[in-house]
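**Student:** File structure22.json follows (JSON, C-alpha atoms):
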[["chain", "number", "residue", "atom", "x", "y", "z"],
["A", 19, "MET", "CA", 75.97, 76.53, -59.88],
["A", 20, "SER", "CA", 73.97, 79.33, -61.54],
["A", 21, "SER", "CA", 76.32, 82.19, -62.31],
["A", 22, "ASN", "CA", 73.55, 84.79, -61.93],
["A", 23, "LEU", "CA", 72.98, 83.96, -58.25],
["A", 24, "PRO", "CA", 74.93, 86.01, -55.70],
["A", 25, "LYS", "CA", 77.89, 84.37, -53.95],
["A", 26, "VAL", "CA", 77.11, 83.88, -50.27],
["A", 27, "ALA", "CA", 79.34, 83.79, -47.19],
["A", 28, "TRP", "CA", 77.65, 82.20, -44.18],
["A", 29, "ILE", "CA", 79.06, 82.91, -40.70],
["A", 30, "GLY", "CA", 77.67, 80.71, -37.90],
["A", 31, "LEU", "CA", 76.64, 77.12, -38.54],
["A", 32, "GLY", "CA", 74.71, 76.14, -35.43],
["A", 33, "ILE", "CA", 71.30, 74.52, -34.92],
["A", 34, "MET", "CA", 69.72, 77.11, -37.23],
["A", 35, "GLY", "CA", 72.61, 78.14, -39.45],
["A", 36, "SER", "CA", 73.51, 74.66, -40.70],
["A", 37, "PRO", "CA", 70.13, 73.71, -42.21],
["A", 38, "MET", "CA", 69.55, 77.26, -43.48],
["A", 39, "SER", "CA", 72.87, 77.40, -45.32],
["A", 40, "GLU", "CA", 72.26, 73.92, -46.73],
["A", 41, "ASN", "CA", 68.90, 75.06, -48.10],
["A", 42, "LEU", "CA", 70.73, 77.79, -50.04],
["A", 43, "VAL", "CA", 73.14, 75.20, -51.43],
["A", 44, "LYS", "CA", 70.20, 73.05, -52.53],
["A", 45, "ALA", "CA", 68.73, 76.10, -54.28],
["A", 46, "GLY", "CA", 71.90, 76.49, -56.33],
["A", 47, "TYR", "CA", 73.72, 79.19, -54.38],
["A", 48, "ASP", "CA", 77.52, 79.18, -54.05],
["A", 49, "VAL", "CA", 77.86, 79.18, -50.24],
["A", 50, "THR", "CA", 81.14, 79.47, -48.33],
["A", 51, "GLY", "CA", 80.79, 78.86, -44.60],
["A", 52, "TYR", "CA", 82.81, 79.66, -41.51],
["A", 53, "THR", "CA", 82.14, 78.76, -37.89],
["A", 54, "LEU", "CA", 84.27, 77.96, -34.84],
["A", 55, "GLU", "CA", 83.65, 74.19, -34.94],
["A", 56, "LYS", "CA", 85.40, 72.55, -37.89],
["A", 57, "ASP", "CA", 82.99, 69.59, -37.97],
["A", 58, "LYS", "CA", 80.14, 72.00, -38.75],
["A", 59, "VAL", "CA", 82.10, 73.50, -41.64],
["A", 60, "ASP", "CA", 82.72, 69.94, -42.83],
["A", 61, "ARG", "CA", 78.97, 69.30, -42.72],
["A", 62, "LEU", "CA", 78.36, 72.24, -45.09],
["A", 63, "VAL", "CA", 81.09, 71.02, -47.43],
["A", 64, "ALA", "CA", 79.53, 67.55, -47.43],
["A", 65, "ALA", "CA", 76.23, 69.18, -48.44],
["A", 66, "GLY", "CA", 77.87, 70.83, -51.44],
["A", 67, "GLY", "CA", 79.07, 74.12, -49.97],
["A", 68, "LYS", "CA", 82.59, 75.38, -49.39],
["A", 69, "GLY", "CA", 84.54, 75.88, -46.19],
["A", 70, "ALA", "CA", 86.73, 78.76, -45.09],
["A", 71, "ALA", "CA", 89.43, 78.88, -42.44],
["A", 72, "SER", "CA", 88.59, 82.45, -41.37],
["A", 73, "ILE", "CA", 85.91, 85.11, -41.60],
["A", 74, "ALA", "CA", 88.15, 87.14, -43.91],
["A", 75, "GLU", "CA", 88.52, 84.21, -46.31],
["A", 76, "ALA", "CA", 84.79, 83.47, -46.26],
["A", 77, "VAL", "CA", 83.62, 87.02, -47.03],
["A", 78, "ARG", "CA", 86.33, 88.23, -49.42],
["A", 79, "ASP", "CA", 84.49, 87.47, -52.68],
["A", 80, "ALA", "CA", 80.93, 87.35, -51.34],
["A", 81, "ASP", "CA", 78.05, 89.39, -52.72],
["A", 82, "VAL", "CA", 75.96, 88.56, -49.64],
["A", 83, "VAL", "CA", 77.26, 87.85, -46.13],
["A", 84, "ILE", "CA", 74.85, 86.17, -43.71],
["A", 85, "THR", "CA", 75.51, 85.93, -39.98],
["A", 86, "MET", "CA", 73.62, 83.55, -37.68],
["A", 87, "VAL", "CA", 75.29, 83.64, -34.27],
["A", 88, "PRO", "CA", 73.91, 83.51, -30.70],
["A", 89, "ALA", "CA", 73.83, 87.11, -29.44],
["A", 90, "SER", "CA", 75.01, 90.72, -29.74],
["A", 91, "PRO", "CA", 78.58, 90.08, -28.48],
["A", 92, "GLN", "CA", 79.09, 87.40, -31.13],
["A", 93, "VAL", "CA", 77.71, 89.64, -33.88],
["A", 94, "GLU", "CA", 80.12, 92.36, -32.81],
["A", 95, "ALA", "CA", 82.99, 89.84, -32.66],
["A", 96, "VAL", "CA", 82.45, 88.65, -36.24],
["A", 97, "ALA", "CA", 81.63, 92.10, -37.68],
["A", 98, "TYR", "CA", 84.31, 94.32, -36.20],
["A", 99, "GLY", "CA", 88.10, 94.31, -35.93],
["A", 100, "PRO", "CA", 90.84, 93.63, -38.49],
["A", 101, "ASP", "CA", 89.70, 90.06, -39.07],
["A", 102, "GLY", "CA", 85.98, 90.89, -39.14],
["A", 103, "ILE", "CA", 83.38, 91.24, -41.85],
["A", 104, "LEU", "CA", 83.45, 95.03, -42.24],
["A", 105, "GLU", "CA", 87.21, 95.14, -42.85],
["A", 106, "ASN", "CA", 87.24, 92.25, -45.30],
["A", 107, "ALA", "CA", 83.98, 92.24, -47.25],
["A", 108, "ARG", "CA", 83.97, 94.13, -50.54],
["A", 109, "ARG", "CA", 82.23, 97.49, -51.01],
["A", 110, "GLY", "CA", 78.68, 96.98, -52.19],
["A", 111, "ALA", "CA", 78.23, 93.68, -50.36],
["A", 112, "LEU", "CA", 74.98, 93.08, -48.49],
["A", 113, "LEU", "CA", 75.30, 91.93, -44.87],
["A", 114, "ILE", "CA", 72.18, 90.14, -43.60],
["A", 115, "ASP", "CA", 72.33, 89.51, -39.86],
["A", 116, "MET", "CA", 69.82, 86.78, -39.01],
["A", 117, "SER", "CA", 70.89, 86.51, -35.36],
["A", 118, "SER", "CA", 68.55, 87.65, -32.57],
["A", 119, "ILE", "CA", 70.25, 90.62, -30.94],
["A", 120, "THR", "CA", 69.39, 93.99, -29.39],
["A", 121, "PRO", "CA", 67.81, 96.53, -31.77],
["A", 122, "GLN", "CA", 70.56, 99.02, -30.88],
["A", 123, "THR", "CA", 73.29, 96.58, -31.93],
["A", 124, "SER", "CA", 71.62, 96.35, -35.35],
["A", 125, "VAL", "CA", 71.36, 100.13, -35.66],
["A", 126, "ASP", "CA", 75.05, 100.52, -34.73],
["A", 127, "LEU", "CA", 76.12, 97.79, -37.16],
["A", 128, "ALA", "CA", 74.30, 99.45, -40.06],
["A", 129, "GLU", "CA", 75.87, 102.81, -39.20],
["A", 130, "ASN", "CA", 79.39, 101.38, -39.00],
["A", 131, "ALA", "CA", 78.95, 99.38, -42.21],
["A", 132, "ARG", "CA", 77.77, 102.42, -44.16],
["A", 133, "SER", "CA", 81.23, 104.01, -44.06],
["A", 134, "LYS", "CA", 82.65, 100.82, -45.60],
["A", 135, "GLY", "CA", 80.10, 100.84, -48.41],
["A", 136, "ILE", "CA", 78.42, 97.72, -47.00],
["A", 137, "ARG", "CA", 74.62, 97.54, -46.88],
["A", 138, "VAL", "CA", 72.95, 95.89, -43.88],
["A", 139, "LEU", "CA", 69.65, 94.22, -43.08],
["A", 140, "ASP", "CA", 68.69, 92.86, -39.69],
["A", 141, "ALA", "CA", 66.60, 89.78, -40.47],
["A", 142, "PRO", "CA", 66.00, 87.61, -37.40],
["A", 143, "VAL", "CA", 63.83, 84.53, -37.78],
["A", 144, "SER", "CA", 61.17, 82.56, -35.97],
["A", 145, "GLY", "CA", 60.30, 78.91, -36.43],
["A", 146, "GLY", "CA", 63.07, 77.09, -34.61],
["A", 147, "GLU", "CA", 65.11, 74.18, -35.91],
["A", 148, "ALA", "CA", 62.12, 72.56, -37.61],
["A", 149, "GLY", "CA", 61.29, 75.78, -39.43],
["A", 150, "ALA", "CA", 64.90, 76.13, -40.54],
["A", 151, "ILE", "CA", 65.04, 72.57, -41.88],
["A", 152, "GLU", "CA", 61.68, 72.87, -43.65],
["A", 153, "ALA", "CA", 62.49, 76.40, -44.96],
["A", 154, "VAL", "CA", 59.23, 77.80, -43.55],
["A", 155, "LEU", "CA", 60.74, 80.40, -41.22],
["A", 156, "SER", "CA", 59.13, 83.73, -40.50],
["A", 157, "ILE", "CA", 61.70, 86.43, -41.31],
["A", 158, "MET", "CA", 61.28, 89.92, -39.84],
["A", 159, "ALA", "CA", 63.58, 92.48, -41.46],
["A", 160, "GLY", "CA", 64.79, 95.97, -40.70],
["A", 161, "GLY", "CA", 66.60, 98.26, -43.14],
["A", 162, "GLU", "CA", 66.23, 99.96, -46.51],
["A", 163, "GLN", "CA", 63.50, 98.88, -48.93],
["A", 164, "ALA", "CA", 65.96, 98.54, -51.82],
["A", 165, "ASP", "CA", 68.22, 96.21, -49.83],
["A", 166, "PHE", "CA", 65.23, 94.18, -48.69],
["A", 167, "ASP", "CA", 64.04, 93.86, -52.29],
["A", 168, "ALA", "CA", 67.51, 92.70, -53.36],
["A", 169, "ALA", "CA", 67.56, 90.08, -50.60],
["A", 170, "GLN", "CA", 64.04, 88.77, -51.27],
["A", 171, "PRO", "CA", 64.94, 85.90, -53.67],
["A", 172, "LEU", "CA", 67.49, 84.55, -51.21],
["A", 173, "LEU", "CA", 65.24, 85.00, -48.18],
["A", 174, "ARG", "CA", 62.43, 83.16, -49.97],
["A", 175, "VAL", "CA", 64.67, 80.08, -50.04],
["A", 176, "LEU", "CA", 64.88, 80.20, -46.23],
["A", 177, "GLY", "CA", 61.41, 81.23, -45.13],
["A", 178, "ARG", "CA", 57.76, 81.54, -45.97],
["A", 179, "THR", "CA", 56.66, 84.78, -44.27],
["A", 180, "ILE", "CA", 59.12, 87.57, -45.09],
["A", 181, "VAL", "CA", 58.27, 91.13, -44.04],
["A", 182, "LEU", "CA", 60.15, 94.42, -43.91],
["A", 183, "CYS", "CA", 59.10, 95.86, -40.53],
["A", 184, "GLY", "CA", 60.77, 99.27, -40.76],
["A", 185, "PRO", "CA", 64.23, 100.87, -40.51],
["A", 186, "HIS", "CA", 67.37, 99.26, -39.07],
["A", 187, "GLY", "CA", 66.63, 97.54, -35.75],
["A", 188, "SER", "CA", 62.92, 97.05, -36.50],
["A", 189, "GLY", "CA", 63.39, 93.37, -37.32],
["A", 190, "GLN", "CA", 65.02, 92.85, -33.93],
["A", 191, "THR", "CA", 62.22, 94.70, -32.15],
["A", 192, "VAL", "CA", 59.62, 92.46, -33.79],
["A", 193, "LYS", "CA", 61.73, 89.38, -32.97],
["A", 194, "ALA", "CA", 61.82, 90.47, -29.32],
["A", 195, "ALA", "CA", 58.01, 90.67, -29.36],
["A", 196, "ASN", "CA", 57.93, 87.22, -30.98],
["A", 197, "GLN", "CA", 60.05, 85.77, -28.20],
["A", 198, "LEU", "CA", 57.79, 87.36, -25.58],
["A", 199, "ILE", "CA", 54.72, 85.73, -27.14],
["A", 200, "VAL", "CA", 56.42, 82.34, -27.55],
["A", 201, "ALA", "CA", 57.72, 82.23, -23.97],
["A", 202, "VAL", "CA", 54.36, 83.17, -22.45],
["A", 203, "ASN", "CA", 52.64, 80.64, -24.73],
["A", 204, "ILE", "CA", 55.01, 77.82, -23.76],
["A", 205, "GLN", "CA", 54.55, 78.67, -20.08],
["A", 206, "ALA", "CA", 50.75, 78.58, -20.45],
["A", 207, "CYS", "CA", 50.93, 75.25, -22.28],
["A", 208, "ALA", "CA", 53.25, 73.83, -19.61],
["A", 209, "GLU", "CA", 50.88, 74.87, -16.83],
["A", 210, "ALA", "CA", 47.96, 73.31, -18.72],
["A", 211, "VAL", "CA", 49.90, 70.04, -19.16],
["A", 212, "VAL", "CA", 50.58, 69.73, -15.42],
["A", 213, "PHE", "CA", 46.99, 70.66, -14.56],
["A", 214, "LEU", "CA", 45.62, 68.08, -17.03],
["A", 215, "GLU", "CA", 47.92, 65.29, -15.85],
["A", 216, "LYS", "CA", 47.21, 65.91, -12.17],
["A", 217, "SER", "CA", 43.51, 65.78, -13.03],
["A", 218, "GLY", "CA", 43.91, 62.32, -14.58],
["A", 219, "VAL", "CA", 42.90, 63.39, -18.11],
["A", 220, "ASP", "CA", 44.27, 61.65, -21.24],
["A", 221, "LEU", "CA", 46.94, 64.24, -22.06],
["A", 222, "ALA", "CA", 47.35, 63.40, -25.75],
["A", 223, "ALA", "CA", 43.60, 63.62, -26.33],
["A", 224, "ALA", "CA", 43.34, 66.85, -24.36],
["A", 225, "LEU", "CA", 46.14, 68.55, -26.29],
["A", 226, "ASP", "CA", 44.63, 67.47, -29.61],
["A", 227, "VAL", "CA", 41.25, 69.00, -28.85],
["A", 228, "LEU", "CA", 42.77, 72.15, -27.32],
["A", 229, "ASN", "CA", 44.91, 72.65, -30.41],
["A", 230, "GLY", "CA", 41.79, 72.53, -32.59],
["A", 231, "GLY", "CA", 40.17, 75.48, -30.84],
["A", 232, "LEU", "CA", 41.03, 79.02, -29.82],
["A", 233, "ALA", "CA", 43.76, 77.72, -27.49],
["A", 234, "GLY", "CA", 45.54, 76.18, -30.49],
["A", 235, "SER", "CA", 48.82, 77.70, -31.62],
["A", 236, "THR", "CA", 51.96, 77.05, -33.66],
["A", 237, "VAL", "CA", 53.74, 76.70, -30.31],
["A", 238, "LEU", "CA", 51.41, 73.89, -29.20],
["A", 239, "THR", "CA", 51.63, 72.19, -32.62],
["A", 240, "ARG", "CA", 55.44, 72.30, -32.58],
["A", 241, "LYS", "CA", 55.93, 71.47, -28.90],
["A", 242, "LYS", "CA", 53.10, 68.99, -28.22],
["A", 243, "ASP", "CA", 55.36, 65.96, -28.63],
["A", 244, "ASN", "CA", 58.02, 67.55, -26.42],
["A", 245, "PHE", "CA", 55.44, 67.83, -23.66],
["A", 246, "LEU", "CA", 53.99, 64.34, -24.18],
["A", 247, "GLU", "CA", 57.34, 62.57, -24.36],
["A", 248, "ARG", "CA", 59.28, 64.85, -22.03],
["A", 249, "ASP", "CA", 61.77, 65.16, -24.91],
["A", 250, "PHE", "CA", 63.67, 68.39, -24.44],
["A", 251, "THR", "CA", 66.31, 67.90, -27.14],
["A", 252, "PRO", "CA", 67.12, 71.49, -28.05],
["A", 253, "GLY", "CA", 65.44, 73.00, -31.08],
["A", 254, "PHE", "CA", 65.78, 76.37, -29.34],
["A", 255, "ARG", "CA", 67.78, 76.39, -26.12],
["A", 256, "VAL", "CA", 66.60, 77.87, -22.83],
["A", 257, "ASP", "CA", 69.91, 79.79, -22.68],
["A", 258, "LEU", "CA", 69.02, 81.63, -25.88],
["A", 259, "HIS", "CA", 65.45, 82.34, -24.79],
["A", 260, "HIS", "CA", 66.84, 83.72, -21.53],
["A", 261, "LYS", "CA", 68.99, 86.09, -23.61],
["A", 262, "ASP", "CA", 65.97, 87.10, -25.69],
["A", 263, "MET", "CA", 63.79, 87.77, -22.64],
["A", 264, "GLY", "CA", 66.52, 90.10, -21.43],
["A", 265, "ILE", "CA", 66.39, 91.92, -24.77],
["A", 266, "VAL", "CA", 62.61, 92.36, -24.74],
["A", 267, "THR", "CA", 62.33, 93.42, -21.09],
["A", 268, "ASP", "CA", 65.18, 95.95, -21.52],
["A", 269, "ALA", "CA", 63.80, 97.32, -24.81],
["A", 270, "ALA", "CA", 60.32, 97.61, -23.30],
["A", 271, "ARG", "CA", 61.69, 99.56, -20.36],
["A", 272, "ASN", "CA", 63.45, 101.92, -22.77],
["A", 273, "VAL", "CA", 60.22, 102.74, -24.63],
["A", 274, "GLY", "CA", 58.00, 102.80, -21.53],
["A", 275, "ALA", "CA", 56.00, 99.63, -22.21],
["A", 276, "ALA", "CA", 54.89, 97.56, -19.21],
["A", 277, "LEU", "CA", 55.25, 93.78, -19.63],
["A", 278, "PRO", "CA", 53.89, 92.34, -16.36],
["A", 279, "VAL", "CA", 53.35, 88.76, -17.57],
["A", 280, "GLY", "CA", 56.48, 88.89, -19.70],
["A", 281, "ALA", "CA", 58.53, 89.90, -16.66],
["A", 282, "VAL", "CA", 57.24, 86.91, -14.67],
["A", 283, "VAL", "CA", 57.98, 84.49, -17.51],
["A", 284, "ALA", "CA", 61.43, 86.04, -17.95],
["A", 285, "GLN", "CA", 62.11, 85.16, -14.30],
["A", 286, "LEU", "CA", 60.79, 81.61, -14.82],
["A", 287, "VAL", "CA", 63.14, 81.18, -17.79],
["A", 288, "ALA", "CA", 66.01, 82.56, -15.68],
["A", 289, "SER", "CA", 65.10, 80.13, -12.88],
["A", 290, "LEU", "CA", 65.05, 77.19, -15.28],
["A", 291, "ARG", "CA", 68.50, 78.15, -16.50],
["A", 292, "ALA", "CA", 69.79, 78.55, -12.92],
["A", 293, "GLN", "CA", 68.59, 75.01, -12.19],
["A", 294, "GLY", "CA", 70.91, 73.67, -14.88],
["A", 295, "ASP", "CA", 68.41, 73.31, -17.73],
["A", 296, "GLY", "CA", 69.84, 76.05, -19.96],
["A", 297, "GLY", "CA", 70.94, 73.58, -22.63],
["A", 298, "LEU", "CA", 67.46, 72.06, -23.01],
["A", 299, "ASP", "CA", 64.70, 73.09, -25.41],
["A", 300, "HIS", "CA", 62.56, 75.98, -24.17],
["A", 301, "SER", "CA", 59.63, 73.55, -23.88],
["A", 302, "ALA", "CA", 61.48, 72.43, -20.73],
["A", 303, "LEU", "CA", 59.60, 75.24, -18.97],
["A", 304, "LEU", "CA", 57.38, 72.25, -18.21],
["A", 305, "ARG", "CA", 60.07, 71.07, -15.79],
["A", 306, "SER", "CA", 59.76, 74.28, -13.76],
["A", 307, "VAL", "CA", 55.99, 73.91, -13.49],
["A", 308, "GLU", "CA", 56.40, 70.28, -12.42],
["A", 309, "ARG", "CA", 58.89, 71.28, -9.73],
["A", 310, "LEU", "CA", 56.55, 74.00, -8.46],
["A", 311, "SER", "CA", 53.70, 71.48, -8.44],
["A", 312, "GLY", "CA", 55.65, 68.85, -6.51],
["A", 313, "SER", "CA", 55.90, 66.52, -9.50],
["A", 314, "PRO", "CA", 59.14, 64.79, -10.45],
["A", 315, "ALA", "CA", 61.16, 66.77, -13.02]]
Can you turn what I pasted into structure tokens?

**Tutor:**
Amino acid sequence: MSSNLPKVAWIGLGIMGSPMSENLVKAGYDVTGYTLEKDKVDRLVAAGGKGAASIAEAVRDADVVITMVPASPQVEAVAYGPDGILENARRGALLIDMSSITPQTSVDLAENARSKGIRVLDAPVSGGEAGAIEAVLSIMAGGEQADFDAAQPLLRVLGRTIVLCGPHGSGQTVKAANQLIVAVNIQACAEAVVFLEKSGVDLAAALDVLNGGLAGSTVLTRKKDNFLERDFTPGFRVDLHHKDMGIVTDAARNVGAALPVGAVVAQLVASLRAQGDGGLDHSALLRSVERLSGSPA
């Protein structure tokens, strides 16, 4: 391990956190991981990282603490309290929260960390499981320029497009907008798929030519095979997109922005979840369109 690289504690080793932490290990970082499921800690250890039995143990000697957990309550659970990050990380440590949470949670976290001498960036990501594995994520950050500059070498190991969007909470606001665009895009693609199939068109050919024109998108590129094969193995779960649509619709209401199409798609995501598909990939919005169209789902 290179001694000049910061020591990293990684909290949360799920679909995104596991490959991201492993990419840091491959880049020569000393990474100590903690998550609730021991087999996921074992996976990091097998990849060359270290495991910890608690958050306190993981963060004690870390220069950088990274959290990648599902939502605001989980961020608060790992950050606060006697066993949490703020009480156990050393002064001067940099906490990078890469979870997708409410902008206000990020603002509050930064404020609470300041009194402990801990610097904070909110740095949510876009790109899904494939982007995490391939280290081509888009990373949208909020916080101080100096802290962002210090984090840049590490973030460049994880992603390709890395932008400081403004003060604390700004990264989360941009991530909420990202999730709005992605959900509406998936819904539009799903409706097109059902329309094409009911019209008797060769679906694979149609999606190829659509993706080469103005209708093309990263969403269609990434999700085309999910649509064609009806493979909804989760790269990003409906449950999490449901949470994110709640964040964006609530934040938009707070700032006085109308999201008419976003509100409809938020309800479609909620409906999909209510029908028991919350654990599937968000491309499973296709199942809702099929049900509405009288097709088997």

**Student:** Can you tell me which residues surround Ala269 (chain A) at a distance of at most 9 Å, considering all atoms listed in the file, apart from same-chain residues fewer than 5 positions away, and format the answer as a list in words?

**Tutor:**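 Counting only the stated atoms, we get Thr120, Pro121, Thr191, Ala194, Gly264, Gly274 and Ala275 of chain A.
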
**Student:** Which neighbours of region 67-70 of chain A fall inside 8 Å, counting only C-alpha atoms, when residues of the same chain fewer than 4 positions from it are skipped, and could you give them as a ChimeraX atom specification?

**Tutor:** /A:40,43,48-52,59-60,62-63,75-76

**Student:** Skip Pro37 (chain A) itself and residues of its chain fewer than 6 positions away, then list as a PyMOL selection string all residues within 10 Å of it, counting only C-alpha atoms.

**Tutor:** chain A and resi 31+43+61-62+65+147-153+176

**Student:** Would you please work out which residue, of A:Met86, A:Ile136, A:Asn22, A:Ile265, is nearest to Thr123 (chain A) when using only C-alpha atoms?

**Tutor:**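 When distances to Thr123 (chain A) are compared using only C-alpha atoms, the smallest one comes from A:Ile265.
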
**Student:** What's the 9 Å shell around Val283 (chain A), counting only C-alpha atoms, without same-chain residues fewer than 3 positions away, as an MDAnalysis selection string?

**Tutor:** chainID A and resid 198 201:202 205 263 278:280 286:288

**Student:** Choose the residue, out of A:Leu232, A:Val175, A:Ala64, A:Val143, that has the smallest atom-to-atom separation from Ala195 (chain A); count all atoms listed in the file.

**Tutor:**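 Of A:Leu232, A:Val175, A:Ala64, A:Val143, the one nearest Ala195 (chain A) is A:Val143, counting all atoms listed in the file.
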